[in-house]
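Here is the structure we will look at, set down as structure tokens.
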Amino acid sequence: MNKGIKVLKTAMVSAALSAAMVSFSHAVDVQGGGIVTANSALNFRSAPSESASIIDSLSNGYRVCILGVDGDWAYVTANGNPGYVNVAYLERLEVMDVNGGGAKVTASTLNIRSHPSTTGDVLGQIPQGQTAQITGVNKGWLQVKYNGVQGFVSPEYVEIVPGQAQDNAGASSVITYAKQFIGTPYRYGGSSPSGFDCSGFTSYVYKHFGVNLSHSSRAQYGQVTKVSRSELQAGDLVFFTNGGKSIGHVGIYVGGGQFIHSPSAGRSVCIESMSSGYYASHYVGGGRVR
């Protein structure tokens with residue numbers, strides 16, 4: 001097991017991390033995850049010195065986000081707080097590209113917050129085992145994107161993993177979850193597995209992934225980022241008129257020109273084509289859940 005971290009020979013960190021690294025006079029471009037390998041607790045200090053005050057003690061196996069390395073010290077975050085640990089007791093994990101690395105959640109659920117603090121508004125939640133795409137680091141927190149939601153998470157509750165196409169992985173989870181309700185009867189005003197109307201179905205599915213959508217197809221249309229039909233991806237919402245000019249129906253795109261929805265009275269949740277029949281002629285547009 002490697003007990004140290006290879007220090008890259010770059011003099012400065014990337015612009016994405018420079019604000020977080022101002023405490024390092026000779027910071028280098030090392031970004032990634034780390035895991036504590038000390039047999040006993042590892043001191044997490046306020047400065048890169050054995051005489052610096054101890055912020056916390058990190059147990060063996062504790063995961064940290066590495067913001068930089070200088071000599072014998074690594075500048076890391078733990079529980080959303082920046083500090084320093086001795087690199088002799090830290091094993092570097094897979095290198096994290098902040099424009100594509102992954103943050104795999106180890107807690108039961110993890111809040112996505114509006115800014116890098118526990119006081120930030122909760123924009124959504126990531127279930128255990130799911131991976132968010134890392135897009136940056138700010139004040140010791142990871143900036144991430146998950147199921148169209150962008151915000152910040154504490155690195156204490158994630159494992160840094162190689163980059164992956166998270167949007168597709170997240171969309172797959174949404175579709176898999178939605179499909180389990182196939183056969184559920186339509187119910188006007190319904191928003192539970194005992195019965196759904198169209199927007200009750202889409203809002204229920206996305207609520208499971210920490211995204212709050214209004215119980216109204218017209219309101220949901222205003223909550224999404226519009227995309228062209230050629231840009232539709234699995235997990236996007238698709239909207240239709242109800243025969244008039246206004247939006248009156250919504251479903252979830254599953255790919256291949258099909259969508260899953262709760263159609264109308266007397267029917268149940270099902271997958272149908274958008275390319276023929278009623279829905280082909282009443283299609284309004286699609287949108288990506290933010």
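Each chain in the structure tokens gets a letter, A, B and so on, in the order shown; residues start at 1 in every chain, and ligands are counted from 1 in the order they appear.
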
| said: If we count only C-alpha atoms and set the cut-off at 6 Å, which residues sit around segment 102-110 of chain A, ignoring sequence neighbours fewer than 2 positions away in its own chain? Please answer as a ChimeraX atom specification. | reply: /A:125-134,157-163

Would you put the residues from that selection into a file with N, CA and C atoms, as a tab-separated table (two decimals), in the first residue's frame?
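The new file out_15.tsv reads:
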```tsv
chain	number	residue	atom	x	y	z
A	125	GLN	N	-31.48	15.66	-3.40
A	125	GLN	CA	-30.78	14.64	-2.62
A	125	GLN	C	-30.25	13.55	-3.55
A	126	ILE	N	-29.12	12.96	-3.13
A	126	ILE	CA	-28.52	11.87	-3.89
A	126	ILE	C	-28.61	10.61	-3.03
A	127	PRO	N	-29.24	9.55	-3.52
A	127	PRO	CA	-29.34	8.31	-2.73
A	127	PRO	C	-27.98	7.62	-2.58
A	128	GLN	N	-27.89	6.78	-1.57
A	128	GLN	CA	-26.67	6.01	-1.33
A	128	GLN	C	-26.34	5.15	-2.54
A	129	GLY	N	-25.05	5.15	-2.89
A	129	GLY	CA	-24.59	4.33	-4.01
A	129	GLY	C	-24.63	5.02	-5.35
A	130	GLN	N	-25.37	6.15	-5.44
A	130	GLN	CA	-25.42	6.89	-6.69
A	130	GLN	C	-24.21	7.82	-6.80
A	131	THR	N	-23.83	8.15	-8.01
A	131	THR	CA	-22.63	8.96	-8.25
A	131	THR	C	-23.00	10.25	-8.94
A	132	ALA	N	-22.56	11.37	-8.35
A	132	ALA	CA	-22.76	12.69	-8.96
A	132	ALA	C	-21.50	13.07	-9.72
A	133	GLN	N	-21.68	13.87	-10.75
A	133	GLN	CA	-20.54	14.36	-11.53
A	133	GLN	C	-19.92	15.55	-10.81
A	134	ILE	N	-18.62	15.51	-10.57
A	134	ILE	CA	-17.93	16.63	-9.92
A	134	ILE	C	-17.57	17.67	-10.97
A	157	TYR	N	-19.09	12.58	2.90
A	157	TYR	CA	-20.04	11.50	2.66
A	157	TYR	C	-19.98	10.94	1.25
A	158	VAL	N	-18.82	11.09	0.60
A	158	VAL	CA	-18.67	10.55	-0.75
A	158	VAL	C	-17.35	9.83	-0.90
A	159	GLU	N	-17.31	8.97	-1.88
A	159	GLU	CA	-16.06	8.31	-2.29
A	159	GLU	C	-15.72	8.85	-3.67
A	160	ILE	N	-14.50	9.34	-3.84
A	160	ILE	CA	-14.08	9.86	-5.13
A	160	ILE	C	-13.82	8.70	-6.09
A	161	VAL	N	-14.47	8.73	-7.25
A	161	VAL	CA	-14.33	7.64	-8.22
A	161	VAL	C	-14.00	8.24	-9.58
A	162	PRO	N	-13.50	7.42	-10.51
A	162	PRO	CA	-13.20	7.95	-11.84
A	162	PRO	C	-14.43	8.55	-12.49
A	163	GLY	N	-14.20	9.47	-13.41
A	163	GLY	CA	-15.30	10.14	-14.09
A	163	GLY	C	-16.15	9.17	-14.88
```

Using only C-alpha atoms, what does the table of segment 135-212 of chain A residues within 12 Å of segment 114-121 of chain A look like, with each row giving the shortest atom pair and its distance in Å to one decimal, sorted by chain and ascending number, as a tab-separated table?
```
residue	atom	partner	partner_atom	distance
A:Gly136	CA	A:Pro116	CA	11.3
A:Val137	CA	A:Pro116	CA	9.1
A:Asn138	CA	A:Pro116	CA	6.6
A:Lys139	CA	A:Pro116	CA	6.5
A:Gly140	CA	A:Pro116	CA	7.7
A:Trp141	CA	A:Pro116	CA	5.6
A:Leu142	CA	A:Pro116	CA	7.9
A:Gln143	CA	A:Pro116	CA	8.0
A:Val144	CA	A:Ser114	CA	10.7
A:Lys145	CA	A:Ser114	CA	11.7
A:Val149	CA	A:Ser114	CA	9.9
A:Gln150	CA	A:Ser114	CA	8.0
A:Gly151	CA	A:Ser114	CA	5.2
A:Phe152	CA	A:Pro116	CA	5.5
A:Val153	CA	A:Pro116	CA	7.1
A:Ser154	CA	A:Pro116	CA	7.9
A:Pro155	CA	A:Pro116	CA	10.7
```

Filtering to N, CA and C atoms, could you give me those residues as a JSON list (two decimals), in the first residue's frame?
```
[["chain", "number", "residue", "atom", "x", "y", "z"],
["A", 136, "GLY", "N", -16.39, 20.92, -9.79],
["A", 136, "GLY", "CA", -15.48, 21.88, -9.19],
["A", 136, "GLY", "C", -15.36, 21.70, -7.69],
["A", 137, "VAL", "N", -14.57, 22.54, -7.07],
["A", 137, "VAL", "CA", -14.39, 22.56, -5.62],
["A", 137, "VAL", "C", -14.50, 23.99, -5.16],
["A", 138, "ASN", "N", -15.23, 24.24, -4.09],
["A", 138, "ASN", "CA", -15.42, 25.59, -3.59],
["A", 138, "ASN", "C", -15.48, 25.57, -2.07],
["A", 139, "LYS", "N", -14.54, 26.26, -1.43],
["A", 139, "LYS", "CA", -14.49, 26.38, 0.02],
["A", 139, "LYS", "C", -14.54, 25.02, 0.71],
["A", 140, "GLY", "N", -13.85, 24.05, 0.12],
["A", 140, "GLY", "CA", -13.77, 22.74, 0.74],
["A", 140, "GLY", "C", -14.95, 21.83, 0.43],
["A", 141, "TRP", "N", -15.91, 22.29, -0.33],
["A", 141, "TRP", "CA", -17.04, 21.46, -0.73],
["A", 141, "TRP", "C", -16.91, 21.09, -2.20],
["A", 142, "LEU", "N", -17.52, 19.97, -2.58],
["A", 142, "LEU", "CA", -17.53, 19.57, -3.97],
["A", 142, "LEU", "C", -18.74, 20.18, -4.67],
["A", 143, "GLN", "N", -18.48, 20.78, -5.81],
["A", 143, "GLN", "CA", -19.58, 21.25, -6.65],
["A", 143, "GLN", "C", -19.93, 20.10, -7.59],
["A", 144, "VAL", "N", -21.21, 19.73, -7.63],
["A", 144, "VAL", "CA", -21.60, 18.54, -8.37],
["A", 144, "VAL", "C", -22.85, 18.80, -9.21],
["A", 145, "LYS", "N", -23.10, 17.86, -10.12],
["A", 145, "LYS", "CA", -24.32, 17.85, -10.90],
["A", 145, "LYS", "C", -24.90, 16.45, -10.82],
["A", 149, "VAL", "N", -29.61, 18.60, -11.37],
["A", 149, "VAL", "CA", -29.50, 19.54, -10.25],
["A", 149, "VAL", "C", -28.04, 19.85, -10.02],
["A", 150, "GLN", "N", -27.69, 21.14, -9.93],
["A", 150, "GLN", "CA", -26.32, 21.56, -9.67],
["A", 150, "GLN", "C", -26.23, 22.24, -8.31],
["A", 151, "GLY", "N", -25.23, 21.87, -7.54],
["A", 151, "GLY", "CA", -25.07, 22.46, -6.22],
["A", 151, "GLY", "C", -23.83, 21.92, -5.55],
["A", 152, "PHE", "N", -23.83, 21.89, -4.22],
["A", 152, "PHE", "CA", -22.63, 21.54, -3.47],
["A", 152, "PHE", "C", -22.93, 20.43, -2.46],
["A", 153, "VAL", "N", -21.94, 19.54, -2.28],
["A", 153, "VAL", "CA", -22.06, 18.47, -1.29],
["A", 153, "VAL", "C", -20.79, 18.42, -0.45],
["A", 154, "SER", "N", -20.96, 17.96, 0.79],
["A", 154, "SER", "CA", -19.80, 17.78, 1.65],
["A", 154, "SER", "C", -19.04, 16.53, 1.24],
["A", 155, "PRO", "N", -17.71, 16.62, 1.11],
["A", 155, "PRO", "CA", -16.93, 15.45, 0.67],
["A", 155, "PRO", "C", -16.81, 14.36, 1.73]]
```

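Here atom CA of Glu156 of chain A and atom CA of Ser203 of chain A stand 29.7 Å from one another.
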
| request: Tell me which of A:Phe44, A:Trp73, A:Phe240, A:Tyr188 sits closest to Tyr279 of chain A, counting only C-alpha atoms. | output: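 Result for the nearest residue to Tyr279 of chain A: A:Phe240.
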
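Distances here use only C-alpha atoms; by that measure, the residue among A:Ile54, A:Ala41, A:Val284, A:Ile66 closest to Phe239 of chain A is A:Val284.
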
| query | So which residues touch Tyr75 of chain A within 7 Å, counting only C-alpha atoms, skipping near sequence neighbours fewer than 5 positions away, as a VMD selection string? | reply | chain A and resid 66 to 69 83 to 85

Export, as an mmCIF file, in the first residue's frame, the selected residues with N, CA, C and O atoms.
```
data_model
loop_
_atom_site.group_PDB
_atom_site.id
_atom_site.type_symbol
_atom_site.label_atom_id
_atom_site.label_comp_id
_atom_site.auth_asym_id
_atom_site.auth_seq_id
_atom_site.Cartn_x
_atom_site.Cartn_y
_atom_site.Cartn_z
ATOM 1 N N ILE A 66 -8.736 15.719 -1.688
ATOM 2 C CA ILE A 66 -7.419 16.358 -1.716
ATOM 3 C C ILE A 66 -7.467 17.589 -2.605
ATOM 4 O O ILE A 66 -7.777 17.505 -3.785
ATOM 5 N N LEU A 67 -7.155 18.736 -2.015
ATOM 6 C CA LEU A 67 -7.117 19.977 -2.770
ATOM 7 C C LEU A 67 -5.702 20.356 -3.178
ATOM 8 O O LEU A 67 -5.506 21.154 -4.091
ATOM 9 N N GLY A 68 -4.709 19.810 -2.501
ATOM 10 C CA GLY A 68 -3.331 20.130 -2.854
ATOM 11 C C GLY A 68 -2.354 19.431 -1.933
ATOM 12 O O GLY A 68 -2.723 18.958 -0.865
ATOM 13 N N VAL A 69 -1.098 19.348 -2.339
ATOM 14 C CA VAL A 69 -0.042 18.730 -1.548
ATOM 15 C C VAL A 69 1.186 19.620 -1.602
ATOM 16 O O VAL A 69 1.551 20.125 -2.663
ATOM 17 N N GLY A 83 -8.472 21.656 5.878
ATOM 18 C CA GLY A 83 -7.426 21.509 6.884
ATOM 19 C C GLY A 83 -6.270 20.716 6.311
ATOM 20 O O GLY A 83 -6.188 20.506 5.092
ATOM 21 N N TYR A 84 -5.390 20.248 7.181
ATOM 22 C CA TYR A 84 -4.139 19.623 6.743
ATOM 23 C C TYR A 84 -3.900 18.299 7.467
ATOM 24 O O TYR A 84 -4.185 18.161 8.660
ATOM 25 N N VAL A 85 -3.360 17.332 6.719
ATOM 26 C CA VAL A 85 -2.964 16.053 7.306
ATOM 27 C C VAL A 85 -1.605 15.668 6.744
ATOM 28 O O VAL A 85 -1.205 16.108 5.666
#
```

| So what do you get for atom CA of Ser191 of chain A versus atom CA of Tyr283 of chain A, distance-wise? |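 Rounded to one decimal, the two atoms are 23.1 Å apart.
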
| request: Using backbone DSSP assignments, extract all alpha helix (DSSP H) residues from segment 43-288 of chain A; output them as number ranges by chain. | output: A: 166-179, 198-207, 217-223, 277-281

| said: Env of Asp236 of chain A: 12 Å cut, atoms = only C-alpha atoms, seq-sep filter 4 positions within chain, self excluded. Answer as a ChimeraX atom specification. | reply: /A:147-148,167-168,170-172,174-175,202,206,220-221,223-229,231-232,250-255,257-260,285-290

Mind writing the picked residues with N, CA and C atoms as an mmCIF file, in the first residue's frame?
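Writing done, so here's result-v1.cif:
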```cif
data_model
loop_
_atom_site.group_PDB
_atom_site.id
_atom_site.type_symbol
_atom_site.label_atom_id
_atom_site.label_comp_id
_atom_site.auth_asym_id
_atom_site.auth_seq_id
_atom_site.Cartn_x
_atom_site.Cartn_y
_atom_site.Cartn_z
ATOM 1 N N ASN A 147 -28.678 14.406 -11.835
ATOM 2 C CA ASN A 147 -30.042 14.440 -12.374
ATOM 3 C C ASN A 147 -30.490 15.847 -12.735
ATOM 4 N N GLY A 148 -29.569 16.624 -13.293
ATOM 5 C CA GLY A 148 -29.900 17.975 -13.719
ATOM 6 C C GLY A 148 -29.815 19.017 -12.622
ATOM 7 N N ASP A 167 -24.929 11.821 -16.030
ATOM 8 C CA ASP A 167 -26.280 12.171 -16.455
ATOM 9 C C ASP A 167 -27.002 10.936 -17.007
ATOM 10 N N ASN A 168 -26.299 10.121 -17.807
ATOM 11 C CA ASN A 168 -26.902 8.928 -18.351
ATOM 12 C C ASN A 168 -27.182 7.904 -17.260
ATOM 13 N N GLY A 170 -27.687 8.561 -14.070
ATOM 14 C CA GLY A 170 -28.792 9.064 -13.274
ATOM 15 C C GLY A 170 -30.110 8.890 -13.987
ATOM 16 N N ALA A 171 -30.134 9.144 -15.281
ATOM 17 C CA ALA A 171 -31.356 8.994 -16.064
ATOM 18 C C ALA A 171 -31.816 7.548 -16.064
ATOM 19 N N SER A 172 -30.878 6.621 -16.148
ATOM 20 C CA SER A 172 -31.216 5.206 -16.120
ATOM 21 C C SER A 172 -31.934 4.849 -14.833
ATOM 22 N N VAL A 174 -33.724 6.906 -12.996
ATOM 23 C CA VAL A 174 -35.050 7.519 -13.052
ATOM 24 C C VAL A 174 -36.003 6.635 -13.848
ATOM 25 N N ILE A 175 -35.563 6.173 -15.005
ATOM 26 C CA ILE A 175 -36.419 5.347 -15.851
ATOM 27 C C ILE A 175 -36.741 4.020 -15.179
ATOM 28 N N THR A 202 -45.067 12.279 -12.729
ATOM 29 C CA THR A 202 -43.715 12.806 -12.942
ATOM 30 C C THR A 202 -43.150 13.425 -11.669
ATOM 31 N N TYR A 206 -39.727 12.026 -9.635
ATOM 32 C CA TYR A 206 -38.561 12.868 -9.393
ATOM 33 C C TYR A 206 -38.376 13.229 -7.926
ATOM 34 N N GLN A 220 -44.667 22.560 -14.488
ATOM 35 C CA GLN A 220 -43.442 21.788 -14.714
ATOM 36 C C GLN A 220 -42.727 22.255 -15.979
ATOM 37 N N TYR A 221 -43.497 22.663 -16.969
ATOM 38 C CA TYR A 221 -42.891 23.170 -18.198
ATOM 39 C C TYR A 221 -42.029 24.398 -17.907
ATOM 40 N N GLN A 223 -40.410 24.809 -15.129
ATOM 41 C CA GLN A 223 -39.335 24.428 -14.214
ATOM 42 C C GLN A 223 -38.156 23.754 -14.910
ATOM 43 N N VAL A 224 -38.312 23.434 -16.181
ATOM 44 C CA VAL A 224 -37.269 22.679 -16.874
ATOM 45 C C VAL A 224 -36.483 23.575 -17.826
ATOM 46 N N THR A 225 -35.313 23.101 -18.197
ATOM 47 C CA THR A 225 -34.506 23.758 -19.224
ATOM 48 C C THR A 225 -34.908 23.193 -20.576
ATOM 49 N N LYS A 226 -35.416 24.027 -21.453
ATOM 50 C CA LYS A 226 -35.959 23.549 -22.725
ATOM 51 C C LYS A 226 -34.867 22.954 -23.614
ATOM 52 N N VAL A 227 -35.214 21.849 -24.268
ATOM 53 C CA VAL A 227 -34.312 21.209 -25.227
ATOM 54 C C VAL A 227 -35.114 20.890 -26.486
ATOM 55 N N SER A 228 -34.425 20.849 -27.621
ATOM 56 C CA SER A 228 -35.104 20.511 -28.869
ATOM 57 C C SER A 228 -35.406 19.023 -28.894
ATOM 58 N N ARG A 229 -36.278 18.626 -29.797
ATOM 59 C CA ARG A 229 -36.644 17.219 -29.881
ATOM 60 C C ARG A 229 -35.434 16.356 -30.208
ATOM 61 N N GLU A 231 -32.518 16.819 -29.226
ATOM 62 C CA GLU A 231 -31.619 16.793 -28.070
ATOM 63 C C GLU A 231 -32.198 16.000 -26.901
ATOM 64 N N LEU A 232 -33.401 15.461 -27.017
ATOM 65 C CA LEU A 232 -34.031 14.738 -25.914
ATOM 66 C C LEU A 232 -33.164 13.581 -25.442
ATOM 67 N N VAL A 250 -47.989 15.683 -19.498
ATOM 68 C CA VAL A 250 -46.546 15.543 -19.350
ATOM 69 C C VAL A 250 -46.195 14.078 -19.105
ATOM 70 N N GLY A 251 -45.023 13.681 -19.586
ATOM 71 C CA GLY A 251 -44.506 12.348 -19.333
ATOM 72 C C GLY A 251 -42.991 12.392 -19.262
ATOM 73 N N ILE A 252 -42.373 11.233 -19.109
ATOM 74 C CA ILE A 252 -40.909 11.142 -18.997
ATOM 75 C C ILE A 252 -40.370 10.389 -20.211
ATOM 76 N N TYR A 253 -39.458 11.018 -20.924
ATOM 77 C CA TYR A 253 -38.872 10.409 -22.116
ATOM 78 C C TYR A 253 -37.996 9.230 -21.709
ATOM 79 N N VAL A 254 -38.155 8.086 -22.394
ATOM 80 C CA VAL A 254 -37.350 6.907 -22.072
ATOM 81 C C VAL A 254 -36.344 6.580 -23.167
ATOM 82 N N GLY A 255 -36.399 7.326 -24.285
ATOM 83 C CA GLY A 255 -35.488 7.079 -25.396
ATOM 84 C C GLY A 255 -36.213 6.372 -26.537
ATOM 85 N N GLY A 257 -37.809 7.534 -29.028
ATOM 86 C CA GLY A 257 -39.081 8.112 -29.420
ATOM 87 C C GLY A 257 -40.250 7.686 -28.552
ATOM 88 N N GLN A 258 -39.967 7.125 -27.369
ATOM 89 C CA GLN A 258 -41.022 6.664 -26.469
ATOM 90 C C GLN A 258 -40.971 7.427 -25.148
ATOM 91 N N PHE A 259 -42.104 7.427 -24.455
ATOM 92 C CA PHE A 259 -42.153 8.067 -23.147
ATOM 93 C C PHE A 259 -43.074 7.274 -22.226
ATOM 94 N N ILE A 260 -42.854 7.416 -20.920
ATOM 95 C CA ILE A 260 -43.691 6.759 -19.924
ATOM 96 C C ILE A 260 -44.549 7.820 -19.265
ATOM 97 N N GLY A 285 -43.076 20.238 -26.599
ATOM 98 C CA GLY A 285 -41.628 20.374 -26.408
ATOM 99 C C GLY A 285 -41.135 19.530 -25.255
ATOM 100 N N GLY A 286 -39.826 19.551 -25.073
ATOM 101 C CA GLY A 286 -39.210 18.782 -24.002
ATOM 102 C C GLY A 286 -38.349 19.665 -23.130
ATOM 103 N N GLY A 287 -38.050 19.179 -21.954
ATOM 104 C CA GLY A 287 -37.218 19.944 -21.034
ATOM 105 C C GLY A 287 -36.428 19.062 -20.105
ATOM 106 N N ARG A 288 -35.244 19.523 -19.741
ATOM 107 C CA ARG A 288 -34.361 18.798 -18.829
ATOM 108 C C ARG A 288 -34.587 19.302 -17.414
ATOM 109 N N VAL A 289 -34.759 18.351 -16.493
ATOM 110 C CA VAL A 289 -34.985 18.711 -15.102
ATOM 111 C C VAL A 289 -33.718 19.307 -14.538
ATOM 112 N N ARG A 290 -33.816 20.493 -13.947
ATOM 113 C CA ARG A 290 -32.646 21.189 -13.428
ATOM 114 C C ARG A 290 -32.306 20.666 -12.052
#
```

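One distance worth recording is that between atom CA of Leu42 of chain A and atom CA of Asn111 of chain A, which is 26.7 Å.
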
| note | Between A:Ser46, A:Ser216, A:Phe209, A:Ser53, smallest distance to Ser173 of chain A by only C-alpha atoms belongs to A:Phe209

| message | From the options A:Ser214, A:Ser246, A:Gly266, A:Val238, which residue's atoms come nearest to Tyr186 of chain A, counting only C-alpha atoms? | response |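 Once distances to Tyr186 of chain A are computed over only C-alpha atoms, the minimum belongs to A:Gly266.
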
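Nearest to Arg63 of chain A of all the residues A:Gly248, A:Gly222, A:Gly34, A:Gly190 is A:Gly34, counting only C-alpha atoms.
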
| So which residues touch Ser40 of chain A within 9 Å, counting only C-alpha atoms, skipping near sequence neighbours fewer than 2 positions away, as a ChimeraX atom specification? | /A:37-38,42,58-60

| Excluding same-chain residues fewer than 6 positions from His282 of chain A, what lies within 10 Å of it counting only C-alpha atoms, as a list in words? | Phe239, Phe240, Thr241, Asn242, Gly243, Gly244, Lys245, Ile247, Gly248, His249 and Met274 of chain A
